[in-house]
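Following: one structure in structure tokens, then a few remarks.
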Amino acid sequence: MTDWEPWAAVHLNGGDNAPGRLSGDDTFGAGNFSTDESWAVASGLSLVSLGFLKAAIRRSAAFICVMTVVGFVVGTGADKAFPPPYHASTTLVLTDGPYEDGINSAQDDQNLVQTSNVAVLAMHKLGVRQSVSSFLKAYELTVESPRVLLLTFGARSASQAIRGANAVAGAFLQFRAGMLAEQQDEVFAAQQQQVRLAQQQVHSIDAQISEVSAQAASPGQRSQLSSLRAQRTSATENLAVIQQAVSASKATVEPATVAAINGSKALDAATALPRSRVKSVLLYPLAGLIAGLALAIALVLIRAIVSDRPRRRGEVADALQAPVVLSTGPLRTGRWLSAARLWPVRAAARRVDIDRVVAQLDRALRPRDGSAAVLAVVAVDDPETAALPVVALARSCAGQGMRVVLADLATGAPAGRLMGSGSPGVRTAKVDAAIVVVAVPDHDDAMPCGPLGRSQSPQDQGAAFSDAVATAHSGADLLLTLITLDPSFGAEHVRTWADDAVVIVTAGRSSWARINAVGELIRLSGTRLLSAVLVGADRSDESLGVSPSHHLEHAAGIMARKGEAMTRAAVMEESARPDRSLRVQVIDDPREAT
């Protein structure tokens, strides 16, 4: 039993459908497994794996390198355009005022320096005009200890940083001193208000005593006078207490306030902090390099994950419903790497790959009865690439003495241009000592008729181009046709150019839907789709370039051959028995022989 027979037996023995390609309504297998489901399962095998991501990164190595260099250049430019600021610092020693608790005073001073009042006062000292918010971002005050704070200022130059630190320190000390004096004045004002109220109370009682004393003597008058004198004594004592408290407060608060103001100062003038030039030079370029590399890899991976453009042999075979018999590397250099002398190893590898494709196309050639061999090469996405092996095959056959006709129906006539005859018409091109007939249709002729058959439309019957190609084909040994198909035009003309077709697909260039559409167009035209060649395939691709439908076709052929062999064995066994008559049963379905 071959490798395909167990797989085929599981599916073919489960139903009564004939082998071959199944339609969308056919089912097979014990579980009534439809072709749509099998198609989905086959497509689902293309999982995103670590190898797939590594291959995507390897393919885009040039893009990643360019993005990394761009990031490095941008980082270097950013260092020049936005250099890191210079910093200067000064140390402030603060003495707590009479109304500060000494616990939260350092945090209060830290918040105070970030107020707009301090910033405006510092900008006035510096003589600069800018927004208060941006100026506040230029400096910060850190607490070193409850009484020691470090003020740091950043600017474009060291001198500006020093001036800014001194200005902010002076503005902060000035504003804090004014705030302490203001607090003292407010307290003293409140105390003086209490003294005035107490004095007013004493004066009011004195006025009442004078008024009562002027009245005629009586027991009531004497009682009221006695009460007022007691109140005056109490008010006088209260006034004395308040005056004494105010005097004591002034004696305590005024020296403390003066001490807080005079004791709060900058220990020394601001000095510039050491600045590592090496660090600043390397930081931005290195950060830009890493950012460019990370961004490039992220873009490559996201594009690879969300892309609907097949790159693996199995995916292309699923889309075309045809086997991918050959996969190669890129067949032509990029636009920036066209000089083969700069990349001799890659140029040699491309020549080897082109020779492999030429050999595969040569194996696909089959002579027709009494006429030239014909083959159509269909370029799905990159006619420039497909033209290379087609032209190489034409030149090789012409060099062997064959009469070759090369019809270029692809967009832009790339094969005709390689032969030196890219303009419309039928011309001869010399290849060393041999001659190749090159046929290029008019630009507006999207579906020219070939020499193998004519449609019934009058324009095709009398087309000069078709007549000229038919004349050249009548005396040729080989007709090679390079074609690009457009679903909006159809592909009825393909059958008039070749009986068999080979498709050339570039990995990652066309969507799954476009590749599938090209395969269906070829089959609808009546041309036999032999195989496909995948160009630019990943070296890590381990998928088999055979679709599930071809698994079925191959397995059906194996089962049919096995059925025929078993039928012949049964006939020979019956004929070997002399006492029994020969009984031969004709088996219509080879599977019944099992």
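To be explicit about the labels: the chains of the structure tokens are called A, B, and onward in the order shown, and within each one the residues are counted from 1, while ligands get numbers from 1 in the order they are shown.
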Residues of segment 374-478 of chain A that have any atom at most 9 Å from an atom of segment 500-513 of chain A: could you tabulate them with the shortest-distance atom pair and the distance in Å to one decimal, using only C-alpha atoms, ordered by chain and increasing number, as a tab-separated table?
residue	atom	partner	partner_atom	distance
A:Val374	CA	A:Asp500	CA	7.4
A:Leu375	CA	A:Asp500	CA	5.5
A:Ala376	CA	A:Ala501	CA	4.6
A:Val377	CA	A:Val502	CA	5.0
A:Val378	CA	A:Val503	CA	4.7
A:Ala379	CA	A:Ile504	CA	5.1
A:Val380	CA	A:Val505	CA	5.5
A:Asp381	CA	A:Ser510	CA	6.1
A:Asp382	CA	A:Thr506	CA	6.8
A:Pro383	CA	A:Ile504	CA	8.8
A:Thr385	CA	A:Thr506	CA	8.4
A:Ala386	CA	A:Ile504	CA	6.3
* To do: Name the residues in contact with segment 349-365 of chain A at a cut-off of 9 Å, using only C-alpha atoms, excluding same-chain residues fewer than 2 positions from it; report them as a PyMOL selection string.
  => chain A and resi 325-333+344-347+367+373-375+377+388-390+392-393+478+500-502+530-531+533
Dump of N, CA and C atoms for the selected residues, as a short mmCIF file (atom, residue, chain, number, x, y, z; two decimals), in the first residue's frame:
data_model
loop_
_atom_site.label_atom_id
_atom_site.label_comp_id
_atom_site.auth_asym_id
_atom_site.auth_seq_id
_atom_site.Cartn_x
_atom_site.Cartn_y
_atom_site.Cartn_z
N VAL A 325 4.45 21.74 -8.14
CA VAL A 325 5.49 20.75 -8.37
C VAL A 325 6.89 21.30 -8.15
N LEU A 326 7.01 22.62 -8.04
CA LEU A 326 8.34 23.21 -7.90
C LEU A 326 8.21 24.54 -7.16
N SER A 327 9.13 24.77 -6.24
CA SER A 327 9.22 26.06 -5.57
C SER A 327 10.67 26.51 -5.61
N THR A 328 10.86 27.80 -5.86
CA THR A 328 12.21 28.36 -6.00
C THR A 328 12.32 29.63 -5.19
N GLY A 329 13.52 30.16 -5.18
CA GLY A 329 13.73 31.47 -4.59
C GLY A 329 13.35 32.55 -5.59
N PRO A 330 13.64 33.81 -5.29
CA PRO A 330 13.34 34.89 -6.24
C PRO A 330 14.09 34.68 -7.55
N LEU A 331 13.40 34.96 -8.67
CA LEU A 331 14.02 34.77 -9.98
C LEU A 331 14.63 36.04 -10.54
N ARG A 332 14.30 37.16 -9.95
CA ARG A 332 14.92 38.40 -10.42
C ARG A 332 15.25 39.27 -9.23
N THR A 333 16.26 40.13 -9.41
CA THR A 333 16.71 40.98 -8.33
C THR A 333 15.74 42.13 -8.13
N PRO A 344 27.13 38.34 -6.50
CA PRO A 344 27.41 37.21 -7.39
C PRO A 344 26.79 35.91 -6.91
N VAL A 345 26.75 35.69 -5.60
CA VAL A 345 26.18 34.44 -5.08
C VAL A 345 24.68 34.39 -5.35
N ARG A 346 23.99 35.49 -5.11
CA ARG A 346 22.56 35.52 -5.36
C ARG A 346 22.26 35.41 -6.84
N ALA A 347 23.08 36.05 -7.67
CA ALA A 347 22.86 35.97 -9.11
C ALA A 347 23.01 34.54 -9.60
N PRO A 367 3.80 17.19 -27.46
CA PRO A 367 3.50 17.47 -28.87
C PRO A 367 2.08 17.07 -29.21
N ALA A 373 4.26 21.38 -30.50
CA ALA A 373 3.95 21.30 -29.07
C ALA A 373 3.55 22.68 -28.57
N VAL A 374 2.59 22.70 -27.66
CA VAL A 374 2.08 23.98 -27.17
C VAL A 374 2.06 23.94 -25.64
N LEU A 375 2.24 25.10 -25.07
CA LEU A 375 2.17 25.23 -23.61
C LEU A 375 1.88 26.69 -23.28
N VAL A 377 1.92 29.45 -20.22
CA VAL A 377 2.44 29.79 -18.90
C VAL A 377 1.65 31.00 -18.40
N LEU A 388 10.98 35.40 -17.46
CA LEU A 388 12.38 34.95 -17.47
C LEU A 388 12.51 33.48 -17.88
N PRO A 389 11.82 32.52 -17.22
CA PRO A 389 11.97 31.13 -17.66
C PRO A 389 11.32 30.87 -19.02
N VAL A 390 10.27 31.60 -19.37
CA VAL A 390 9.64 31.39 -20.68
C VAL A 390 10.61 31.78 -21.79
N ALA A 392 13.86 31.97 -21.49
CA ALA A 392 14.99 31.04 -21.44
C ALA A 392 14.65 29.73 -22.14
N LEU A 393 13.42 29.21 -21.95
CA LEU A 393 13.02 27.98 -22.63
C LEU A 393 12.94 28.19 -24.13
N LEU A 478 7.23 24.52 -31.79
CA LEU A 478 6.87 24.82 -30.41
C LEU A 478 6.17 26.17 -30.36
N ASP A 500 -2.52 22.73 -22.55
CA ASP A 500 -2.06 22.60 -21.18
C ASP A 500 -1.52 23.95 -20.69
N ALA A 501 -1.60 24.13 -19.39
CA ALA A 501 -1.13 25.38 -18.79
C ALA A 501 -0.39 25.09 -17.50
N VAL A 502 0.64 25.88 -17.27
CA VAL A 502 1.40 25.87 -16.02
C VAL A 502 1.31 27.27 -15.43
N LEU A 530 -1.98 21.84 -15.52
CA LEU A 530 -1.07 20.75 -15.16
C LEU A 530 -0.51 20.93 -13.75
N SER A 531 0.07 22.07 -13.49
CA SER A 531 0.78 22.24 -12.23
C SER A 531 1.06 23.72 -12.03
N VAL A 533 4.15 26.58 -10.29
CA VAL A 533 5.49 26.86 -9.80
C VAL A 533 5.39 28.04 -8.84
#
* To do: Please provide as a ChimeraX atom specification all residues within 12 Å of Ala517 of chain A, with the sequence filter that same-chain residues fewer than 2 positions apart are discarded (counting only C-alpha atoms).
  => /A:316,318-321,380,485-488,490-491,510-515,519-524
Expected file contents, prior selection, C-alpha atoms, as a compact mmCIF listing (two decimals), in the first residue's frame:
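The result, stored in result08.txt:
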# COMPACT_ATOMS: atom_id res chain seq x y z
CA VAL A 316 -1.18 27.84 -3.12
CA ASP A 318 -5.44 24.68 -2.12
CA ALA A 319 -6.19 27.93 -3.91
CA LEU A 320 -5.36 26.67 -7.41
CA GLN A 321 -6.64 23.11 -6.89
CA VAL A 380 -0.79 35.19 -11.68
CA LEU A 485 -5.71 36.64 -16.83
CA ASP A 486 -8.23 39.18 -15.63
CA PRO A 487 -11.48 37.84 -14.11
CA SER A 488 -13.35 40.81 -15.57
CA GLY A 490 -12.67 35.87 -18.74
CA ALA A 491 -10.32 33.29 -20.26
CA SER A 510 -1.56 37.63 -4.67
CA SER A 511 -4.53 36.97 -2.43
CA TRP A 512 -6.03 33.52 -2.04
CA ALA A 513 -9.13 34.64 -3.97
CA ARG A 514 -7.11 35.84 -6.98
CA ILE A 515 -5.08 32.63 -7.20
CA GLY A 519 -7.21 28.41 -11.57
CA GLU A 520 -10.96 28.36 -12.16
CA LEU A 521 -10.64 30.57 -15.25
CA ILE A 522 -8.14 28.17 -16.77
CA ARG A 523 -10.39 25.17 -16.13
CA LEU A 524 -13.48 26.98 -17.43
* Asked: Can you list every residue in segment 357-492 of chain A that DSSP puts in strand (DSSP E), as a ChimeraX atom specification?
  -> /A:373-379,404-409,425-431,434-440,478-483
* Skip Asp96 of chain A itself and residues of its chain fewer than 2 positions away, then list as a PyMOL selection string all residues within 9 Å of it, counting only C-alpha atoms. => chain A and resi 94+98-102+105+147+256-257+259-261+263-264
Would you output that residue set with C-alpha atoms, as a JSON list (two decimals), in the first residue's frame?
[["chain", "number", "residue", "atom", "x", "y", "z"],
["A", 94, "LEU", "CA", 14.97, 76.88, 55.95],
["A", 98, "PRO", "CA", 6.50, 80.71, 64.61],
["A", 99, "TYR", "CA", 3.37, 79.22, 63.09],
["A", 100, "GLU", "CA", 4.96, 76.13, 61.45],
["A", 101, "ASP", "CA", 4.83, 72.76, 63.18],
["A", 102, "GLY", "CA", 8.16, 71.45, 61.87],
["A", 105, "SER", "CA", 6.76, 72.31, 56.91],
["A", 147, "ARG", "CA", 15.34, 71.80, 57.06],
["A", 256, "ALA", "CA", 10.83, 84.11, 65.74],
["A", 257, "THR", "CA", 9.62, 85.63, 62.50],
["A", 259, "ALA", "CA", 14.82, 84.48, 62.82],
["A", 260, "ALA", "CA", 12.83, 82.45, 60.29],
["A", 261, "ILE", "CA", 13.30, 85.08, 57.61],
["A", 263, "GLY", "CA", 17.76, 82.03, 58.88],
["A", 264, "SER", "CA", 16.25, 80.82, 55.61]]
* **Contacts of Asn117 of chain A at 12 Å (only C-alpha atoms; same-chain gap of 2+ positions) as a VMD selection string** => chain A and resid 111 to 115 119 to 124 132 to 133 135 to 136 168 171 to 172 174 to 176 178 to 179
Residue selection dump (C-alpha atoms) as a PDB file, in the first residue's frame:
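Result went into selection-v4.pdb, see below:
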ATOM      1  CA  ASN A 111       4.357  72.780  47.385  1.00  0.00           C
ATOM      2  CA  LEU A 112       4.928  76.494  47.845  1.00  0.00           C
ATOM      3  CA  VAL A 113       7.801  76.632  45.367  1.00  0.00           C
ATOM      4  CA  GLN A 114       5.556  75.149  42.664  1.00  0.00           C
ATOM      5  CA  THR A 115       2.985  77.941  42.929  1.00  0.00           C
ATOM      6  CA  ALA A 119       7.200  81.250  39.151  1.00  0.00           C
ATOM      7  CA  VAL A 120       6.032  84.730  38.118  1.00  0.00           C
ATOM      8  CA  LEU A 121       8.424  86.377  40.567  1.00  0.00           C
ATOM      9  CA  ALA A 122      11.332  84.235  39.282  1.00  0.00           C
ATOM     10  CA  MET A 123      10.498  84.998  35.628  1.00  0.00           C
ATOM     11  CA  HIS A 124      10.447  88.690  36.499  1.00  0.00           C
ATOM     12  CA  VAL A 132       3.912  79.770  33.793  1.00  0.00           C
ATOM     13  CA  SER A 133       3.185  76.060  33.271  1.00  0.00           C
ATOM     14  CA  PHE A 135       8.461  77.464  33.517  1.00  0.00           C
ATOM     15  CA  LEU A 136       7.216  75.365  36.431  1.00  0.00           C
ATOM     16  CA  VAL A 168      13.938  80.618  41.640  1.00  0.00           C
ATOM     17  CA  ALA A 171      12.018  84.289  44.476  1.00  0.00           C
ATOM     18  CA  PHE A 172      11.051  81.451  46.784  1.00  0.00           C
ATOM     19  CA  GLN A 174      11.444  86.357  49.115  1.00  0.00           C
ATOM     20  CA  PHE A 175       7.923  85.055  48.753  1.00  0.00           C
ATOM     21  CA  ARG A 176       8.264  82.894  51.888  1.00  0.00           C
ATOM     22  CA  GLY A 178       6.685  87.995  52.803  1.00  0.00           C
ATOM     23  CA  MET A 179       4.253  85.233  53.672  1.00  0.00           C
TER      24      MET A 179
END
* Minimum-distance residue to Leu529 of chain A, chosen among A:Val324, A:Cys397, A:Val281, A:Ala429 (using only C-alpha atoms) -> A:Val324
* Go through A:Leu544, A:Ala177, A:Ile57, A:Val93 and flag the residue nearest Ile297 of chain A, using only C-alpha atoms for the distances. => A:Ile57
* Structure fact -> Residue with the minimum atom-to-atom distance to Val546 of chain A, picked from A:Ala216, A:Ala322, A:Arg528, A:Val195 with only C-alpha atoms counted, is A:Ala322
